[in-house]
Every structure is written in C-alpha cells, then in structure tokens.
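Source file: input_12.cif; contents: mmCIF, C-alpha atoms.
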data_data
#
loop_
_atom_site.label_atom_id
_atom_site.label_comp_id
_atom_site.auth_asym_id
_atom_site.auth_seq_id
_atom_site.Cartn_x
_atom_site.Cartn_y
_atom_site.Cartn_z
CA MET A 1 163.19 86.32 82.59
CA GLU A 2 165.54 85.15 85.36
CA TYR A 3 162.64 83.54 87.12
CA ASN A 4 161.65 81.68 83.98
CA ARG A 5 165.20 80.40 83.49
CA SER A 6 165.35 79.17 87.07
CA THR A 7 161.99 77.48 86.76
CA ALA A 8 163.01 75.86 83.49
CA THR A 9 166.27 74.67 85.03
CA ARG A 10 164.51 73.09 88.00
CA LEU A 11 161.94 71.50 85.70
CA LEU A 12 164.66 70.10 83.48
CA ALA A 13 166.52 68.68 86.45
CA ALA A 14 163.35 67.06 87.78
CA VAL A 15 162.53 65.53 84.41
CA THR A 16 166.13 64.31 84.02
CA SER A 17 166.07 62.65 87.43
CA ARG A 18 162.88 60.84 86.51
CA ILE A 19 164.07 59.83 83.04
CA ALA A 20 167.56 58.66 84.06
CA PRO A 21 166.43 55.31 85.54
CA LEU A 22 164.12 54.71 82.58
CA TRP A 23 166.89 55.56 80.15
CA GLY A 24 169.21 53.15 81.91
CA ALA A 25 166.61 50.39 81.64
CA ILE A 26 166.17 51.10 77.94
CA ALA A 27 169.94 51.00 77.45
CA ARG A 28 170.14 47.65 79.18
CA LEU A 29 167.29 46.28 77.11
CA SER A 30 169.03 47.52 73.97
CA ALA A 31 171.92 45.15 74.61
CA GLY A 32 171.54 42.15 72.35
CA GLU A 33 172.14 39.48 74.99
CA GLU A 34 169.59 41.00 77.38
CA VAL A 35 166.90 41.09 74.72
CA VAL A 36 167.61 37.51 73.64
CA GLU A 37 167.46 36.30 77.23
CA ARG A 38 164.16 38.05 77.90
CA MET A 39 162.63 36.69 74.69
CA ALA A 40 163.86 33.17 75.49
CA GLU A 41 162.29 33.23 78.97
CA LEU A 42 159.06 34.76 77.68
CA THR A 43 158.45 32.31 74.83
CA THR A 44 159.61 29.08 76.49
CA GLY A 45 158.38 29.79 80.02
CA TYR A 46 161.69 28.46 81.31
CA LYS A 47 164.28 30.34 83.37
CA PRO A 48 167.65 28.63 83.80
CA ASP A 49 168.62 27.60 87.32
CA PRO A 50 172.29 26.48 87.07
CA THR A 51 172.58 25.58 90.77
CA ARG A 52 169.63 23.20 90.71
CA GLU A 53 170.42 21.78 87.29
CA GLN A 54 173.99 20.93 88.28
CA GLN A 55 172.55 18.59 90.91
CA GLU A 56 170.62 16.56 88.33
CA PRO A 57 172.05 13.08 87.68
CA THR A 58 174.13 12.40 84.58
CA TYR A 59 176.57 9.74 83.45
CA TYR A 60 179.78 11.58 84.36
CA ASP A 61 178.53 14.56 82.30
CA TYR A 62 179.03 12.57 79.10
CA PRO A 63 176.51 13.24 76.29
CA VAL A 64 173.77 10.63 76.18
CA LEU A 65 173.16 11.02 72.43
CA LYS A 66 175.40 10.96 69.42
CA GLN A 67 175.63 14.41 67.86
CA PRO A 68 173.78 14.71 64.51
CA VAL A 69 176.14 14.95 61.55
CA TRP A 70 173.77 16.90 59.29
CA ARG A 71 175.46 19.82 57.59
CA TRP A 72 174.53 22.56 55.15
CA GLU A 73 173.26 20.02 52.59
CA ILE A 74 170.33 19.07 54.83
CA VAL A 75 169.56 22.70 55.62
CA TRP A 76 169.22 23.49 51.92
CA TYR A 77 167.35 20.23 51.28
CA PHE A 78 164.76 21.15 53.91
CA PHE A 79 164.47 24.68 52.52
CA LEU A 80 164.26 23.78 48.82
CA GLY A 81 162.01 20.79 49.50
CA GLY A 82 159.60 23.06 51.33
CA LEU A 83 159.66 25.53 48.45
CA ALA A 84 159.02 22.78 45.89
CA ALA A 85 156.10 21.38 47.86
CA GLY A 86 154.56 24.75 48.66
CA CYS A 87 154.83 26.04 45.08
CA TYR A 88 153.08 22.93 43.77
CA VAL A 89 150.28 23.16 46.33
CA ILE A 90 149.68 26.84 45.54
CA ALA A 91 149.80 26.16 41.80
CA SER A 92 147.30 23.33 42.17
CA ILE A 93 144.91 25.50 44.17
CA ALA A 94 145.14 28.21 41.51
CA SER A 95 144.61 25.65 38.73
CA ILE A 96 141.56 24.00 40.30
CA PHE A 97 139.80 26.91 41.98
CA GLY A 98 141.34 29.99 40.37
CA SER A 99 139.99 32.32 37.74
CA LYS A 100 141.48 33.10 34.33
CA GLU A 101 143.82 35.68 35.88
CA ASP A 102 145.17 33.04 38.27
CA ARG A 103 146.60 30.96 35.45
CA ALA A 104 149.86 32.88 35.82
CA VAL A 105 150.07 31.67 39.43
CA ALA A 106 149.52 28.04 38.37
CA ARG A 107 152.04 28.29 35.54
CA THR A 108 154.73 29.95 37.66
CA GLY A 109 154.12 27.65 40.61
CA HIS A 110 154.59 24.49 38.54
CA TYR A 111 157.84 25.74 37.04
CA LEU A 112 159.25 26.95 40.37
CA SER A 113 158.28 23.68 42.04
CA LEU A 114 160.37 21.66 39.60
CA LEU A 115 163.30 24.11 39.75
CA ALA A 116 163.38 23.96 43.55
CA LEU A 117 163.05 20.17 43.51
CA LEU A 118 165.90 19.40 41.11
CA PRO A 119 168.76 20.00 43.62
CA CYS A 120 167.08 17.96 46.40
CA PRO A 121 168.20 14.44 45.34
CA LEU A 122 171.72 15.75 44.73
CA LEU A 123 171.83 17.30 48.20
CA LEU A 124 170.64 14.05 49.77
CA ILE A 125 173.19 12.00 47.85
CA LYS A 126 175.99 14.37 48.85
CA ASP A 127 174.95 14.17 52.49
CA LEU A 128 174.89 10.35 52.35
CA GLY A 129 178.32 10.29 50.79
CA ARG A 130 177.70 7.66 48.10
CA PRO A 131 174.91 7.48 45.46
CA GLU A 132 174.21 3.81 46.14
CA ARG A 133 173.06 4.64 49.66
CA PHE A 134 170.21 6.69 48.23
CA LEU A 135 169.29 3.85 45.86
CA ASN A 136 169.38 1.34 48.70
CA MET A 137 166.62 3.28 50.44
CA LEU A 138 164.35 2.54 47.47
CA ARG A 139 164.71 -1.21 47.91
CA ILE A 140 162.32 -1.30 50.87
CA PHE A 141 159.24 0.59 52.03
CA LYS A 142 158.81 0.98 55.79
CA VAL A 143 155.77 2.85 57.05
CA LYS A 144 157.29 3.15 60.52
CA SER A 145 160.56 4.60 59.20
CA PRO A 146 160.48 8.40 58.68
CA MET A 147 163.59 8.18 56.50
CA SER A 148 162.10 5.52 54.23
CA MET A 149 158.79 7.38 54.00
CA GLY A 150 160.66 10.60 53.24
CA VAL A 151 162.63 9.12 50.35
CA TRP A 152 159.53 7.56 48.82
CA GLY A 153 157.61 10.76 49.39
CA LEU A 154 160.30 12.68 47.52
CA VAL A 155 160.20 10.20 44.61
CA THR A 156 156.40 10.29 44.44
CA PHE A 157 156.27 14.07 44.54
CA SER A 158 158.98 14.26 41.88
CA PHE A 159 156.67 12.39 39.50
CA PHE A 160 153.79 14.81 40.01
CA SER A 161 155.93 17.92 39.98
CA GLY A 162 157.92 16.91 36.91
CA THR A 163 154.86 15.77 34.96
CA ALA A 164 152.91 18.94 35.73
CA ALA A 165 155.85 21.16 34.71
CA VAL A 166 156.34 19.25 31.42
CA ILE A 167 152.64 19.50 30.57
CA GLN A 168 152.73 23.21 31.35
CA ALA A 169 155.78 23.65 29.15
CA GLY A 170 153.99 21.87 26.30
CA ARG A 171 150.98 24.15 26.66
CA ASP A 172 153.20 27.25 26.75
CA GLY A 173 154.99 26.22 23.56
CA LEU A 174 158.37 25.82 25.25
CA LEU A 175 158.83 22.31 23.80
CA GLY A 176 158.28 23.27 20.18
CA ARG A 177 155.48 22.36 17.78
CA TRP A 178 156.22 18.68 17.13
CA TRP A 179 153.64 15.97 17.82
CA GLY A 180 155.14 14.99 21.19
CA ALA A 181 154.71 18.52 22.56
CA LYS A 182 151.10 18.61 21.35
CA LEU A 183 150.45 15.24 23.00
CA LEU A 184 151.86 16.49 26.30
CA ALA A 185 149.81 19.67 26.10
CA ALA A 186 146.65 17.60 25.65
CA LEU A 187 147.18 15.55 28.83
CA PRO A 188 144.67 16.24 31.67
CA GLN A 189 146.87 18.19 34.04
CA LYS A 190 144.09 18.81 36.57
CA LEU A 191 143.80 15.09 37.26
CA LEU A 192 147.29 15.23 38.75
CA GLU A 193 146.62 18.24 40.95
CA ALA A 194 144.73 16.59 43.83
CA PRO A 195 147.10 13.62 44.42
CA GLY A 196 150.04 15.93 43.75
CA MET A 197 148.80 18.30 46.45
CA LEU A 198 148.66 15.44 48.96
CA SER A 199 152.22 14.38 48.15
CA GLY A 200 153.31 18.03 48.31
CA MET A 201 151.80 18.52 51.76
CA PHE A 202 153.55 15.34 52.86
CA LEU A 203 156.92 16.51 51.54
CA GLY A 204 156.49 19.96 53.09
CA GLY A 205 155.77 18.58 56.55
CA TYR A 206 157.65 15.29 56.76
CA THR A 207 160.99 17.03 57.40
CA GLY A 208 159.59 18.41 60.63
CA VAL A 209 158.15 14.99 61.51
CA LEU A 210 161.56 13.45 60.75
CA LEU A 211 163.17 15.74 63.32
CA THR A 212 160.44 14.98 65.84
CA ALA A 213 161.07 11.24 65.48
CA THR A 214 164.64 11.59 66.79
CA SER A 215 165.72 11.62 70.45
CA VAL A 216 167.20 15.13 70.31
CA PRO A 217 165.39 17.12 73.05
CA LEU A 218 164.88 20.27 70.96
CA TRP A 219 163.32 18.36 68.08
CA SER A 220 161.36 15.72 69.96
CA ARG A 221 159.93 17.57 72.96
CA SER A 222 157.08 19.18 71.00
CA LYS A 223 155.12 17.51 68.20
CA LEU A 224 154.41 20.71 66.28
CA LEU A 225 157.46 20.87 64.01
CA GLY A 226 155.60 19.25 61.13
CA ALA A 227 152.88 21.91 61.26
CA VAL A 228 155.48 24.67 61.54
CA PHE A 229 157.32 23.36 58.48
CA ILE A 230 154.13 23.10 56.41
CA SER A 231 153.07 26.67 57.20
CA SER A 232 156.62 27.87 56.52
CA ALA A 233 156.64 26.03 53.19
CA LEU A 234 153.41 27.77 52.15
CA SER A 235 154.55 31.23 53.28
CA THR A 236 157.94 31.02 51.56
CA SER A 237 156.42 29.55 48.40
CA ALA A 238 153.78 32.26 48.22
CA ALA A 239 156.55 34.82 48.68
CA LEU A 240 158.65 33.27 45.90
CA ILE A 241 155.75 33.09 43.42
CA SER A 242 154.71 36.63 44.31
CA LEU A 243 158.28 37.85 43.84
CA VAL A 244 158.57 36.32 40.37
CA LEU A 245 155.11 37.43 39.23
CA ARG A 246 155.55 40.96 40.49
CA LEU A 247 158.79 41.28 38.54
CA ALA A 248 157.01 39.87 35.48
CA GLY A 249 154.03 42.20 35.79
CA ALA A 250 151.23 39.77 36.64
CA PRO A 251 147.59 40.88 37.15
CA ALA A 252 146.99 42.78 40.38
CA SER A 253 144.09 40.53 41.42
CA ALA A 254 146.28 37.43 41.32
CA LEU A 255 149.00 39.16 43.34
CA ARG A 256 146.41 40.28 45.86
CA LYS A 257 145.28 36.69 46.44
CA LEU A 258 148.88 35.59 46.89
CA GLU A 259 149.46 38.31 49.47
CA ARG A 260 146.43 37.14 51.46
CA LEU A 261 147.60 33.53 51.32
CA GLU A 262 151.08 34.59 52.38
CA TRP A 263 149.65 36.60 55.29
CA VAL A 264 147.53 33.66 56.53
CA ALA A 265 150.50 31.28 56.22
CA MET A 266 152.79 33.64 58.15
CA LEU A 267 150.19 34.11 60.88
CA THR A 268 149.78 30.33 61.17
CA GLU A 269 153.55 29.89 61.22
CA LEU A 270 153.92 32.47 63.98
CA ALA A 271 151.26 30.79 66.12
CA GLY A 272 152.73 27.34 65.51
CA LEU A 273 156.27 28.50 66.27
CA LEU A 274 155.28 30.15 69.55
CA ALA A 275 153.33 27.02 70.54
CA PHE A 276 156.36 24.89 69.65
CA LEU A 277 158.67 27.01 71.83
CA ARG A 278 156.23 26.98 74.72
CA GLY A 279 155.76 23.23 74.46
CA SER A 280 159.51 22.64 74.25
CA GLY A 281 160.32 24.71 77.33
CA ARG A 282 163.78 23.94 78.62
CA ALA A 283 164.66 21.92 75.53
CA ALA A 284 164.32 25.04 73.33
CA ARG A 285 167.20 26.90 75.01
CA PRO A 286 169.77 25.98 72.31
CA LEU A 287 167.47 27.58 69.73
CA VAL A 288 166.45 30.77 71.54
CA GLY A 289 169.08 31.24 74.25
CA ASN A 290 172.12 33.53 74.29
CA GLY A 291 174.79 31.07 75.39
CA PRO A 292 178.17 30.77 73.64
CA ARG A 293 176.96 28.13 71.17
CA GLU A 294 173.22 28.81 71.30
CA GLN A 295 171.42 30.17 68.25
CA GLY A 296 169.27 32.80 69.94
CA ALA A 297 170.92 35.85 68.38
CA THR A 298 170.53 34.47 64.85
CA PHE A 299 167.05 33.07 65.49
CA TRP A 300 165.52 36.22 66.95
CA ARG A 301 167.14 38.65 64.52
CA PHE A 302 167.06 36.88 61.18
CA MET A 303 164.29 34.31 61.54
CA PHE A 304 161.71 35.61 64.01
CA GLY A 305 162.28 39.35 63.71
CA ALA A 306 163.35 40.13 60.15
CA GLY A 307 162.03 36.94 58.57
CA LEU A 308 158.60 36.54 60.17
CA LEU A 309 157.36 39.31 62.45
CA LEU A 310 158.48 42.26 60.31
CA PRO A 311 157.07 40.95 56.99
CA LEU A 312 153.86 39.95 58.79
CA LEU A 313 153.41 43.50 60.06
CA LEU A 314 154.28 44.99 56.68
CA GLN A 315 151.90 42.63 54.92
CA THR A 316 149.13 43.47 57.38
CA ARG A 317 149.55 47.15 56.66
CA ALA A 318 149.72 46.53 52.90
CA LEU A 319 146.46 44.57 52.92
CA PHE A 320 144.58 47.31 54.74
CA ASP A 321 145.87 50.51 53.13
CA LEU A 322 146.76 49.38 49.59
CA PRO A 323 144.49 51.94 47.78
CA ARG A 324 146.25 54.83 49.50
CA ARG A 325 149.74 54.03 48.22
CA SER A 326 151.33 54.54 44.85
CA ARG A 327 151.98 51.58 42.56
CA ASP A 328 155.80 51.89 42.73
CA ARG A 329 155.75 52.04 46.51
CA THR A 330 153.47 49.01 46.65
CA ARG A 331 155.75 47.06 44.34
CA GLY A 332 158.89 47.90 46.30
CA ARG A 333 157.34 47.02 49.64
CA SER A 334 155.95 43.73 48.30
CA LEU A 335 159.34 42.73 46.90
CA LEU A 336 160.91 43.49 50.28
CA ILE A 337 158.28 41.42 52.10
CA SER A 338 158.84 38.44 49.81
CA ALA A 339 162.62 38.64 50.22
CA LEU A 340 162.33 38.82 54.02
CA VAL A 341 159.98 35.82 54.15
CA LEU A 342 162.41 33.73 52.09
CA VAL A 343 165.27 34.70 54.39
CA GLY A 344 163.18 33.76 57.42
CA GLY A 345 162.30 30.36 55.94
CA TYR A 346 165.96 29.55 55.37
CA PHE A 347 167.06 30.63 58.86
CA LEU A 348 164.22 28.67 60.47
CA ARG A 349 165.71 25.46 59.16
CA ARG A 350 169.31 26.47 59.65
CA THR A 351 168.93 27.49 63.30
CA LEU A 352 166.89 24.38 64.08
CA ILE A 353 169.57 22.10 62.65
CA GLU A 354 172.42 23.95 64.37
CA ALA A 355 170.58 24.11 67.69
CA GLY A 356 169.78 20.40 67.43
CA ARG A 357 173.49 19.60 67.50
CA ILE A 358 173.90 21.63 70.67
CA SER A 359 170.81 20.07 72.23
CA SER A 360 172.17 16.55 71.69
CA THR A 361 175.27 17.32 73.78
CA ASP A 362 173.28 18.45 76.84
CA ALA A 363 173.15 15.30 78.94
CA ARG A 364 170.97 16.76 81.70
CA THR A 365 168.32 18.09 79.32
CA THR A 366 168.32 14.76 77.45
CA LEU A 367 167.60 12.82 80.65
CA TRP A 368 165.05 15.45 81.70
CA ASN A 369 163.30 15.02 78.35
CA ALA A 370 163.32 11.22 78.72
CA ARG A 371 161.48 11.41 82.06
CA ARG A 372 158.32 12.95 80.59
#
What would you get if you wrote out this structure as structure tokens?
Amino acid sequence: MEYNRSTATRLLAAVTSRIAPLWGAIARLSAGEEVVERMAELTTGYKPDPTREQQEPTYYDYPVLKQPVWRWEIVWYFFLGGLAAGCYVIASIASIFGSKEDRAVARTGHYLSLLALLPCPLLLIKDLGRPERFLNMLRIFKVKSPMSMGVWGLVTFSFFSGTAAVIQAGRDGLLGRWWGAKLLAALPQKLLEAPGMLSGMFLGGYTGVLLTATSVPLWSRSKLLGAVFISSALSTSAALISLVLRLAGAPASALRKLERLEWVAMLTELAGLLAFLRGSGRAARPLVGNGPREQGATFWRFMFGAGLLLPLLLQTRALFDLPRRSRDRTRGRSLLISALVLVGGYFLRRTLIEAGRISSTDARTTLWNARR
C-alpha cells in the first residue's frame, strides 16, 4: 500500500510537471487580448512592426483623411436595408419557385421587407440633417456616384417592396372587401418579383460598394465588401423570416428550406469575410486588432464568434441530426440560431463603421494603402 502511494505520488508529480507549461499556455491564450491578437495576425496575415512603421513618411503625423461622420443612423440603415432587400429576395424566390407550403415564406418575406424598409429614409434624412438634402439627391442621376446610385436604388426598391406588400395584403384580406382591395389582389404580383429581386440585390450590396468607393484604408483595400454585405443580408433575412414563421407555426418543410438557405448564406459570408480580412491585411487592424480604440474584442466575440461561427456550427448540426431531436428542442435551438445571426449582422455593420473612423486617422496606413 505504501509502495502504491509512493508510486502514485511520483506519477502525479511527473504529470504535473508536464502539464504546468501547457496549463500556463492555455491560461495565456484564455486572456482576451491574447486571443484577439492571435486571431488578427492569423486572418490578416499581418504582424505589427512598430519600429519599422514609425520610420514610414507622414505629414507631421497629421491624418491624411477627414474622419467619417457617420453615426448610429447609418449603422441601422445598413442593417435594416440589408434585411429589407434580403427578405424581398427570399420572398420572390419562394413565390416563383416554391411549392404551396412555401407561400407562407413569400407572404412573410414581403411584409417583413416593407417593415424593415420604412425606417430607412427617415434614418438617411436624420443623418443628412435636413430633409431637403435627401430630396436634392433625387434631382440628378449619376452612374459614377455611389451615393446617387444608392438613393435611386432605395427609391426603386421601395416601389417594388411596397407594391408587393400591398398586393399581398389585398390577397390576405387585410385591406377589407371593397372593390379597391379586390383590384389590388388581382394584380400580377409575380411580374414584379424578377425586377424587384434585381433591385433588392443591388440595395443589399451597394452599401458595401459605397464603403469600398471611399479612401478609408479599411473599406477600400479589398473589393469584397459588397459580396460580404449581400451574403450577410441573405443570412440575416433568412434568420428573421425563420424566426417569425417558427413562432407562427409554419410547415416544417418550408422551415427546412429556410434553414438550408441560411446555412449556405452563412458559409458564403464566412468565406467572403475571411477573404476580405486577408486581402485587407494591415488595413484591417482597426477592425480585428486589440488596440485601445480598435474593434477586435467586439468583432471577434459578437460578430464572428457568437454571430457567425457559432450559429453556423449549430445549423450544421441541426441539418444533419434533425430526426434524432425532439420538436421542442429543435424549435428552441432554431430560435437561438436565428437570434444569433441577427446579432451578428448588426455587429458586422457596426464594427465596420466604427473601425473605419479609426482607420481614417492612421496616416501611415493611409499612405501605405495609396502606394498599392
């Protein structure tokens, strides 16, 4: 017995001596700043070198660019505009190619598209300061101006989204039984779906293109922001429609199709986002870094981790082992996935806007980006 205790003691000491360095490494990796720094270096392929970068020429360390003045109004405009566009596109796909059970997806998507779109003009007007500034943008049409194209794209999409929602309301009996409601219900809604989808795809992606057209290093270094915003618009819209339909008790087959669409959109968004970070390199530090003003902690925790990677993994598991789980457990997990995707879509736009302000004040990175 004494021999066994001694042997066990020596074995425990040996194991402890081997585990101690590993445990220390795990403890260091558990620190938030260390994890953020490792993720930033891994995804961007850039490791800061302060000594070398301080030797790069600047104009007395003054910022080269004027800091963007966009505030929370633009963040919500980008988010709600993406939801409006994505919901319409999904509703149109369900209306044109879907079965009888997919009518609930088309109906819900048209309503949610209009609801998400209604605050967008108000947010733009508030950001501009005066209503007449928004109206002045409608006086001209410039193909080479992302701002002009964006305003006209919003107006065009508003026509399709509003008309489709009104026709749907007439068909659902929400407008009463008078002759006007019957006339609206008889209009050929499917004729609007194809051009409406094109305008919706434009609205969902133009916000990313608008950022790319600026001189801010974070936004302009890579040309993939438009694709990232489109895939994010589809994933968040599929999550929103799925959330509403699951609470309303929609057919399981329709929900299953939405889950697959959401999974594909999240996978595309993940690939596009990683490609964007890799292509941005040094310019992406304000978004993924752990500096005093950098957005890395928020980006990795709320957008990439909780808002994209975690729901993608949960959705992958749900798609492969759905028959093995109870209905209540499936419903609860699906609601959680949809909520996480919506949170991730919001923080994608918020962190990009906030990090863009920081990126514009970095004179050395601005000049480095201009030399490409």
Answer as a list in words, residues within 6 Å of (159.7, 22.5, 56.6) using all atoms listed in the file: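 Applying the cut-off with all atoms listed in the file, one gets Phe78, Gly82, Gly204, Gly205, Thr207, Gly208, Phe229, Ile230 and Ala233 of chain A.
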Saved selection, atoms kept: C-alpha atoms, as a CSV table (one decimal), keeping the file's coordinate frame:
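Result file follows (out-v3.csv):
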chain,number,residue,atom,x,y,z
A,78,PHE,CA,164.8,21.2,53.9
A,82,GLY,CA,159.6,23.1,51.3
A,204,GLY,CA,156.5,20.0,53.1
A,205,GLY,CA,155.8,18.6,56.6
A,207,THR,CA,161.0,17.0,57.4
A,208,GLY,CA,159.6,18.4,60.6
A,229,PHE,CA,157.3,23.4,58.5
A,230,ILE,CA,154.1,23.1,56.4
A,233,ALA,CA,156.6,26.0,53.2
Report the residues retrieved by the PyMOL selection byres ((chain A and resi 38-47) around 6) from the displayed file, expressed as a list of chain:residue names.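 For this structure, the PyMOL selection byres ((chain A and resi 38-47) around 6) resolves to A:Val35, A:Val36, A:Glu37, A:Pro48, A:Leu277, A:Arg278, A:Gly281, A:Arg282, A:Val288, A:Gly289.
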Taking all atoms of segment 68-80 of chain A that the file lists and extending 6 Å past them on each side, where is the centre of the axis-aligned box and how long are its edges? Answer in Å to one decimal, as lines of an AutoDock Vina configuration file.
center_x = 170.2
center_y = 19.7
center_z = 56.7
size_x = 23.9
size_y = 22.0
size_z = 27.7
Would you list the residues near (159.1, 19.5, 32.8), meaning any protein, DNA or RNA residue with an atom at most 10 Å from that point in file coordinates, counting all atoms listed in the file, as JSON, numbers by chain? {"A": [110, 111, 114, 115, 161, 162, 163, 164, 165, 166, 167, 168, 169, 170, 174, 175]}
Please measure the separation of atom CA of Phe299 of chain A and atom CA of Glu269 of chain A, giving the value in Å to one decimal.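 Spanning atom CA of Phe299 of chain A to atom CA of Glu269 of chain A is a straight-line distance of 14.5 Å.
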If you apply the PyMOL selection byres ((chain A and resi 90-97) around 9) to this file, what residues do you get, as an mmCIF file with C-alpha atoms, in the frame of the given file?
data_model
loop_
_atom_site.group_PDB
_atom_site.id
_atom_site.type_symbol
_atom_site.label_atom_id
_atom_site.label_comp_id
_atom_site.auth_asym_id
_atom_site.auth_seq_id
_atom_site.Cartn_x
_atom_site.Cartn_y
_atom_site.Cartn_z
ATOM 1 C CA ALA A 85 156.100 21.380 47.860
ATOM 2 C CA GLY A 86 154.560 24.750 48.660
ATOM 3 C CA CYS A 87 154.830 26.040 45.080
ATOM 4 C CA TYR A 88 153.080 22.930 43.770
ATOM 5 C CA VAL A 89 150.280 23.160 46.330
ATOM 6 C CA GLY A 98 141.340 29.990 40.370
ATOM 7 C CA SER A 99 139.990 32.320 37.740
ATOM 8 C CA ASP A 102 145.170 33.040 38.270
ATOM 9 C CA ARG A 103 146.600 30.960 35.450
ATOM 10 C CA ALA A 104 149.860 32.880 35.820
ATOM 11 C CA VAL A 105 150.070 31.670 39.430
ATOM 12 C CA ALA A 106 149.520 28.040 38.370
ATOM 13 C CA ARG A 107 152.040 28.290 35.540
ATOM 14 C CA THR A 108 154.730 29.950 37.660
ATOM 15 C CA GLY A 109 154.120 27.650 40.610
ATOM 16 C CA HIS A 110 154.590 24.490 38.540
ATOM 17 C CA SER A 113 158.280 23.680 42.040
ATOM 18 C CA LYS A 190 144.090 18.810 36.570
ATOM 19 C CA LEU A 192 147.290 15.230 38.750
ATOM 20 C CA GLU A 193 146.620 18.240 40.950
ATOM 21 C CA ALA A 194 144.730 16.590 43.830
ATOM 22 C CA GLY A 196 150.040 15.930 43.750
ATOM 23 C CA MET A 197 148.800 18.300 46.450
ATOM 24 C CA LEU A 234 153.410 27.770 52.150
ATOM 25 C CA SER A 237 156.420 29.550 48.400
ATOM 26 C CA ALA A 238 153.780 32.260 48.220
ATOM 27 C CA ILE A 241 155.750 33.090 43.420
ATOM 28 C CA LEU A 258 148.880 35.590 46.890
#
Counting only C-alpha atoms, what is within 12 Å of Ile125 of chain A, bar same-chain residues fewer than 6 positions away, as an mmCIF file with C-alpha atoms, in the frame of the given file?
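Result file follows (result34.cif):
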data_model
loop_
_atom_site.group_PDB
_atom_site.id
_atom_site.type_symbol
_atom_site.label_atom_id
_atom_site.label_comp_id
_atom_site.auth_asym_id
_atom_site.auth_seq_id
_atom_site.Cartn_x
_atom_site.Cartn_y
_atom_site.Cartn_z
ATOM 1 C CA GLU A 73 173.260 20.020 52.590
ATOM 2 C CA ILE A 74 170.330 19.070 54.830
ATOM 3 C CA TYR A 77 167.350 20.230 51.280
ATOM 4 C CA PRO A 119 168.760 20.000 43.620
ATOM 5 C CA PRO A 131 174.910 7.480 45.460
ATOM 6 C CA GLU A 132 174.210 3.810 46.140
ATOM 7 C CA ARG A 133 173.060 4.640 49.660
ATOM 8 C CA PHE A 134 170.210 6.690 48.230
ATOM 9 C CA LEU A 135 169.290 3.850 45.860
ATOM 10 C CA ASN A 136 169.380 1.340 48.700
ATOM 11 C CA MET A 137 166.620 3.280 50.440
ATOM 12 C CA VAL A 151 162.630 9.120 50.350
#
May I ask which of the residues A:Leu348, A:Leu247, A:Leu308, A:Leu273 is the closest one to Gln295 of chain A, counting all atoms listed in the file?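 Using all atoms listed in the file, the shortest distance to Gln295 of chain A belongs to A:Leu348.
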Please identify all polymer residues within 10 Å of Glu262 of chain A, counting only C-alpha atoms, omitting same-chain residues fewer than 2 positions from it, and present them as a list in words.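 These residues fall inside the cut-off: Ser231, Ser232, Leu234, Ser235, Thr236, Ser237, Ala238, Ala239, Ser242, Arg256, Lys257, Leu258, Glu259, Arg260, Val264, Ala265, Met266, Leu267, Thr268, Pro311, Leu312, Gln315, Ile337, Ser338 and Val341 of chain A.
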Between A:Leu154, A:Leu187, A:Leu65, A:Leu138, which is the closest to Gly81 of chain A once you count all atoms listed in the file?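 Closest to Gly81 of chain A, using all atoms listed in the file: A:Leu154.
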For the structure shown, which residues end up in the PyMOL selection byres ((chain A and resi 153) around 9)? Put them as a CSV table (one decimal) with C-alpha atoms, in the frame of the given file, please?
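Writing done, so here's part-v3.csv:
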chain,number,residue,atom,x,y,z
A,148,SER,CA,162.1,5.5,54.2
A,149,MET,CA,158.8,7.4,54.0
A,150,GLY,CA,160.7,10.6,53.2
A,151,VAL,CA,162.6,9.1,50.4
A,152,TRP,CA,159.5,7.6,48.8
A,154,LEU,CA,160.3,12.7,47.5
A,155,VAL,CA,160.2,10.2,44.6
A,156,THR,CA,156.4,10.3,44.4
A,157,PHE,CA,156.3,14.1,44.5
A,158,SER,CA,159.0,14.3,41.9
A,199,SER,CA,152.2,14.4,48.2
A,200,GLY,CA,153.3,18.0,48.3
A,202,PHE,CA,153.6,15.3,52.9
A,203,LEU,CA,156.9,16.5,51.5
A,206,TYR,CA,157.6,15.3,56.8
Here is a test: counting all atoms listed in the file, which residue of A:Gly344, A:Arg52, A:Val216, A:Ala355 is nearest to Arg285 of chain A? A:Ala355
Can you tell me which residues surround Pro292 of chain A at a distance of at most 12 Å, considering only C-alpha atoms, apart from same-chain residues fewer than 5 positions away, and format the answer as a PyMOL selection string? chain A and resi 33+285-287+297+355+358
Between atom CA of Lys182 of chain A and atom CA of Lys100 of chain A - distance in Å to one decimal: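 Value for the atom CA of Lys100 of chain A-atom CA of Lys182 of chain A distance: 21.7 Å.
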Can you work out which one of A:Gly279, A:Gly332, A:Pro217, A:Gly296 has the shortest atom-to-atom distance to Leu243 of chain A, counting all atoms listed in the file?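 Closest residue, counting all atoms listed in the file: A:Gly332.
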In Å, rounded to a single decimal, give me how far atom CA of Met147 of chain A is from atom CA of Lys126 of chain A.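 The value is 15.8 Å.
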Might you pull out every residue within 10 Å of Glu354 of chain A, with all atoms listed in the file counted and same-chain residues fewer than 4 positions away left off, and present them as a list of chain:residue names?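 Counting all atoms listed in the file, the residues come to A:Pro68, A:Trp70, A:Arg71, A:Trp72, A:Val75, A:Pro286, A:Leu287, A:Arg293, A:Glu294, A:Gln295, A:Arg349, A:Arg350, A:Ile358, A:Ser359.
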Contacts of Arg221 of chain A within 8 Å, all atoms listed in the file, excl. fewer than 6 positions in-chain, as a VMD selection string: chain A and resid 212 279 to 280 283 369
